[in-house]
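Structure first, then comments.
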Amino acid sequence: MILSFAALCFVAATVVGAALFAVQTIDHSAVNHEVERARVALSVLTRQGATPGADMAAQIAHDYLLEDARFVPAGSEIESGATLIVPGTGFELAWSPRLLGSEVFLVLAPLRLMVSAVFLGGVAYLVYRMYGITRQLEERRRQAQTLAAQDSLTGLGNRLAFDQRLDAAFAANRSAALLYLDLDGFKQVNDTLGHSAGDELLRIVGTRLGRLARDGDLVVRIGGDEFGILRTAPTSREELAELAADVGLALGAPFELGGKVFGVKASIGIALAPDDADTSAALVQAADEALYRAKAMRGGFTFAQPVRLTGS
């Protein structure tokens, strides 16, 4: 009898110990996921020009599911919760992370007072639920990262996605090519039919550009009526000229908006690395200068001027 009781206690202690370890693991994972979401939130909102304050904190709490999000002076003592330094400011983002493992553990605690069989079944259910919650948190983290790098209007990549891909290409010492384009005639659509029609035009442009991209290309909406096609795979000026011509034809096709037919043209600047630039910033600048010259020519596309090396 004593041995059986001791064995039962040992089994119960082992199960409880394993459950507590699982709870701590889930809590740690949940906090890490919330920290990742906080980093994404700060990156997106600061790029949009938001500054630390009550409005920004409220948006973070609502959009990124960070409970009691608030900004506090850097170095402040926080009794409980998580903090993340806001780069370039004197503030920290503080919030109260949800310890999902502990929450589930406490909800199911009464079940562990039942007989051994029910108790062990409850532990099994707890582990199953924790696994499901972990997968749900991971999915939310992936969704937050996707939304952070996606243009909400067109569904294309945004400036953050563009910067990340371009920086990765240069970090890997790969070649990169950029088509930087601007719509000619977009203002007329906005002035004639209103901003809703202008938004619809941008969505159609995004769809047409997406159809022209090949595998590995990144099509982005830089902002306003400016778009970009970033190619990090090996390519040539001939291929880029053909792509630019296809873009011109695709966007030159009529757009039917509000019962009226509009036509827009695209001015396109093209730059390649390392021929035209040796850094990501220089590549963007070269493409922008080429775009400026294309706009001066009232449409079409132009290549950037090759880099002139000293002594050549």
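By order in the structure tokens, chains are A, B, ...; within a chain, residues start at 1; ligands start at 1, following the order shown.
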When DSSP works through the backbone of this structure, what residues of stretch 191-303 of chain A end up as strand (DSSP E or B), shown as a PyMOL selection string?
-> chain A and resi 218-223+226-231+255-257+260-262+265-273+300-303
Atoms kept (N, CA and C atoms) for selection, written as a compact mmCIF listing (two decimals), in the first residue's frame:
```txt
# COMPACT_ATOMS: atom_id res chain seq x y z
N LEU A 218 10.10 41.12 -57.21
CA LEU A 218 9.27 41.73 -56.17
C LEU A 218 8.63 42.98 -56.75
N VAL A 219 7.31 42.97 -56.80
CA VAL A 219 6.56 44.14 -57.27
C VAL A 219 6.05 44.89 -56.04
N VAL A 220 6.35 46.18 -55.95
CA VAL A 220 6.00 46.95 -54.77
C VAL A 220 5.34 48.26 -55.16
N ARG A 221 4.51 48.73 -54.25
CA ARG A 221 4.01 50.10 -54.37
C ARG A 221 4.84 50.93 -53.40
N ILE A 222 5.66 51.81 -53.95
CA ILE A 222 6.55 52.61 -53.12
C ILE A 222 5.75 53.63 -52.33
N GLY A 223 4.73 54.20 -52.95
CA GLY A 223 3.91 55.22 -52.31
C GLY A 223 3.21 56.04 -53.36
N GLU A 226 3.60 55.68 -57.31
CA GLU A 226 4.93 55.18 -57.65
C GLU A 226 5.03 53.69 -57.34
N PHE A 227 5.52 52.94 -58.30
CA PHE A 227 5.66 51.50 -58.16
C PHE A 227 7.09 51.10 -58.50
N GLY A 228 7.45 49.90 -58.13
CA GLY A 228 8.77 49.40 -58.45
C GLY A 228 8.73 47.91 -58.73
N ILE A 229 9.65 47.47 -59.59
CA ILE A 229 9.85 46.04 -59.83
C ILE A 229 11.32 45.77 -59.55
N LEU A 230 11.58 44.96 -58.54
CA LEU A 230 12.94 44.65 -58.14
C LEU A 230 13.28 43.23 -58.57
N ARG A 231 14.35 43.11 -59.33
CA ARG A 231 14.79 41.80 -59.81
C ARG A 231 16.18 41.54 -59.25
N PHE A 255 -8.41 51.88 -69.04
CA PHE A 255 -8.98 51.58 -67.73
C PHE A 255 -10.41 52.09 -67.72
N GLU A 256 -11.36 51.22 -67.36
CA GLU A 256 -12.76 51.66 -67.27
C GLU A 256 -13.10 51.91 -65.81
N LEU A 257 -13.35 53.18 -65.48
CA LEU A 257 -13.63 53.57 -64.11
C LEU A 257 -14.84 54.49 -64.08
N LYS A 260 -16.43 55.55 -67.30
CA LYS A 260 -15.60 56.28 -68.25
C LYS A 260 -14.32 55.51 -68.50
N VAL A 261 -13.74 55.73 -69.65
CA VAL A 261 -12.52 55.04 -70.04
C VAL A 261 -11.36 56.02 -69.95
N PHE A 262 -10.34 55.63 -69.22
CA PHE A 262 -9.16 56.46 -69.06
C PHE A 262 -7.93 55.70 -69.55
N LYS A 265 -0.19 56.58 -68.80
CA LYS A 265 1.11 56.15 -69.26
C LYS A 265 2.03 56.02 -68.05
N ALA A 266 3.11 55.33 -68.27
CA ALA A 266 4.07 55.15 -67.19
C ALA A 266 5.44 55.67 -67.62
N SER A 267 6.06 56.45 -66.77
CA SER A 267 7.45 56.84 -66.96
C SER A 267 8.29 55.88 -66.11
N ILE A 268 9.33 55.31 -66.69
CA ILE A 268 10.09 54.26 -66.03
C ILE A 268 11.57 54.58 -66.04
N GLY A 269 12.18 54.51 -64.87
CA GLY A 269 13.63 54.62 -64.76
C GLY A 269 14.21 53.27 -64.38
N ILE A 270 15.31 52.89 -65.02
CA ILE A 270 15.89 51.56 -64.83
C ILE A 270 17.33 51.71 -64.38
N ALA A 271 17.70 50.96 -63.36
CA ALA A 271 19.09 50.97 -62.87
C ALA A 271 19.49 49.56 -62.50
N LEU A 272 20.78 49.24 -62.73
CA LEU A 272 21.31 47.92 -62.42
C LEU A 272 22.51 48.06 -61.49
N ALA A 273 22.67 47.07 -60.66
CA ALA A 273 23.87 46.98 -59.83
C ALA A 273 24.62 45.71 -60.23
N GLY A 300 7.68 56.68 -71.42
CA GLY A 300 8.70 55.77 -71.89
C GLY A 300 9.63 55.37 -70.77
N PHE A 301 10.79 54.84 -71.14
CA PHE A 301 11.74 54.41 -70.12
C PHE A 301 13.15 54.84 -70.51
N THR A 302 13.96 55.06 -69.50
CA THR A 302 15.37 55.38 -69.71
C THR A 302 16.19 54.61 -68.69
N PHE A 303 17.44 54.30 -69.08
CA PHE A 303 18.37 53.64 -68.17
C PHE A 303 19.18 54.69 -67.43
```
Hey, what's within 12 Å of stretch 161-169 of chain A if we count only C-alpha atoms and toss same-chain stuff fewer than 4 positions away? As a VMD selection string, please?
-> chain A and resid 43 to 44 47 145 to 151 155 to 157 173 to 178 180 216 to 223 227 to 234 272 to 274 278 to 284
Go ahead and compute the interatomic distance for atom CA of A:Gln59 and atom CA of A:Ala82, in Å to one decimal.
->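 A separation of 17.5 Å between them.
Near stretch 92-95 of chain A, within a cut-off of 6 Å and counting only C-alpha atoms, sit the residues Glu67, Asp68, Ala69, Arg70, Phe71, Val72, Ala74, Gly81, Ala82, Thr83, Leu84, Ile85 and Val86 of chain A, with same-chain residues fewer than 3 positions away left out.
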Could you turn the residues from that selection into a file that holds C-alpha atoms, as a PDB file, in the first residue's frame?
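Written output follows (selection-v6.pdb):
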```pdb
ATOM      1  CA  GLU A  67      -2.520  44.501 -23.977  1.00  0.00           C
ATOM      2  CA  ASP A  68      -2.188  47.787 -22.079  1.00  0.00           C
ATOM      3  CA  ALA A  69       0.402  49.104 -24.592  1.00  0.00           C
ATOM      4  CA  ARG A  70       1.914  52.399 -23.461  1.00  0.00           C
ATOM      5  CA  PHE A  71       5.081  54.437 -23.778  1.00  0.00           C
ATOM      6  CA  VAL A  72       7.225  55.144 -20.732  1.00  0.00           C
ATOM      7  CA  ALA A  74      13.527  54.808 -21.013  1.00  0.00           C
ATOM      8  CA  GLY A  81       5.188  43.274 -18.030  1.00  0.00           C
ATOM      9  CA  ALA A  82       7.474  43.532 -21.033  1.00  0.00           C
ATOM     10  CA  THR A  83       9.324  46.505 -22.514  1.00  0.00           C
ATOM     11  CA  LEU A  84      11.041  47.274 -25.798  1.00  0.00           C
ATOM     12  CA  ILE A  85      13.235  50.293 -26.494  1.00  0.00           C
ATOM     13  CA  VAL A  86      11.987  52.610 -29.250  1.00  0.00           C
TER      14      VAL A  86
END
```
Env of A:Ala38: 9 Å cut, atoms = only C-alpha atoms, seq-sep filter 2 positions within chain, self excluded. Answer as a PDB file with C-alpha atoms, in the first residue's frame.
```pdb
ATOM      1  CA  HIS A  33       6.037  36.290 -29.992  1.00  0.00           C
ATOM      2  CA  GLU A  34       4.616  39.477 -28.484  1.00  0.00           C
ATOM      3  CA  VAL A  35       8.086  41.054 -28.478  1.00  0.00           C
ATOM      4  CA  GLU A  36       8.370  40.183 -32.172  1.00  0.00           C
ATOM      5  CA  VAL A  40       7.078  44.869 -36.239  1.00  0.00           C
ATOM      6  CA  ALA A  41       4.587  47.455 -34.927  1.00  0.00           C
ATOM      7  CA  LEU A  42       7.307  49.995 -34.084  1.00  0.00           C
ATOM      8  CA  SER A  43       8.980  49.449 -37.464  1.00  0.00           C
ATOM      9  CA  ILE A  60      -0.438  49.162 -31.312  1.00  0.00           C
ATOM     10  CA  TYR A  64      -1.026  44.124 -32.823  1.00  0.00           C
ATOM     11  CA  LEU A  66      -0.521  44.046 -27.170  1.00  0.00           C
ATOM     12  CA  LEU A  84      11.041  47.274 -25.798  1.00  0.00           C
ATOM     13  CA  LEU A  93       7.119  50.528 -25.345  1.00  0.00           C
TER      14      LEU A  93
END
```
Can you work out which one of A:Asp225, A:Leu65, A:Thr134, A:Leu193 has the shortest atom-to-atom distance to A:Gly259, counting only C-alpha atoms?
->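 Smallest separation from A:Gly259 among the options: A:Leu193.
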Would you please work out which residue, of A:Ser102, A:Gln48, A:Ser236, A:Gln188, is nearest to A:Ala19 when using only C-alpha atoms?
-> A:Ser102
What is the distance between atom CA of A:Thr25 and atom CA of A:His62, in Å to one decimal?
-> 26.0 Å
A:Leu179, A:Thr192, A:Val31, A:Asp184: which is nearest A:Glu289, counting only C-alpha atoms?
-> A:Leu179
Of the candidates A:Ala18, A:Asp191, A:Asp246, A:Asn158, which shows the shortest atom-to-atom distance to A:Leu212, using only C-alpha atoms?
->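 Comparing A:Ala18, A:Asp191, A:Asp246, A:Asn158 against A:Leu212, the winner is A:Asp246.
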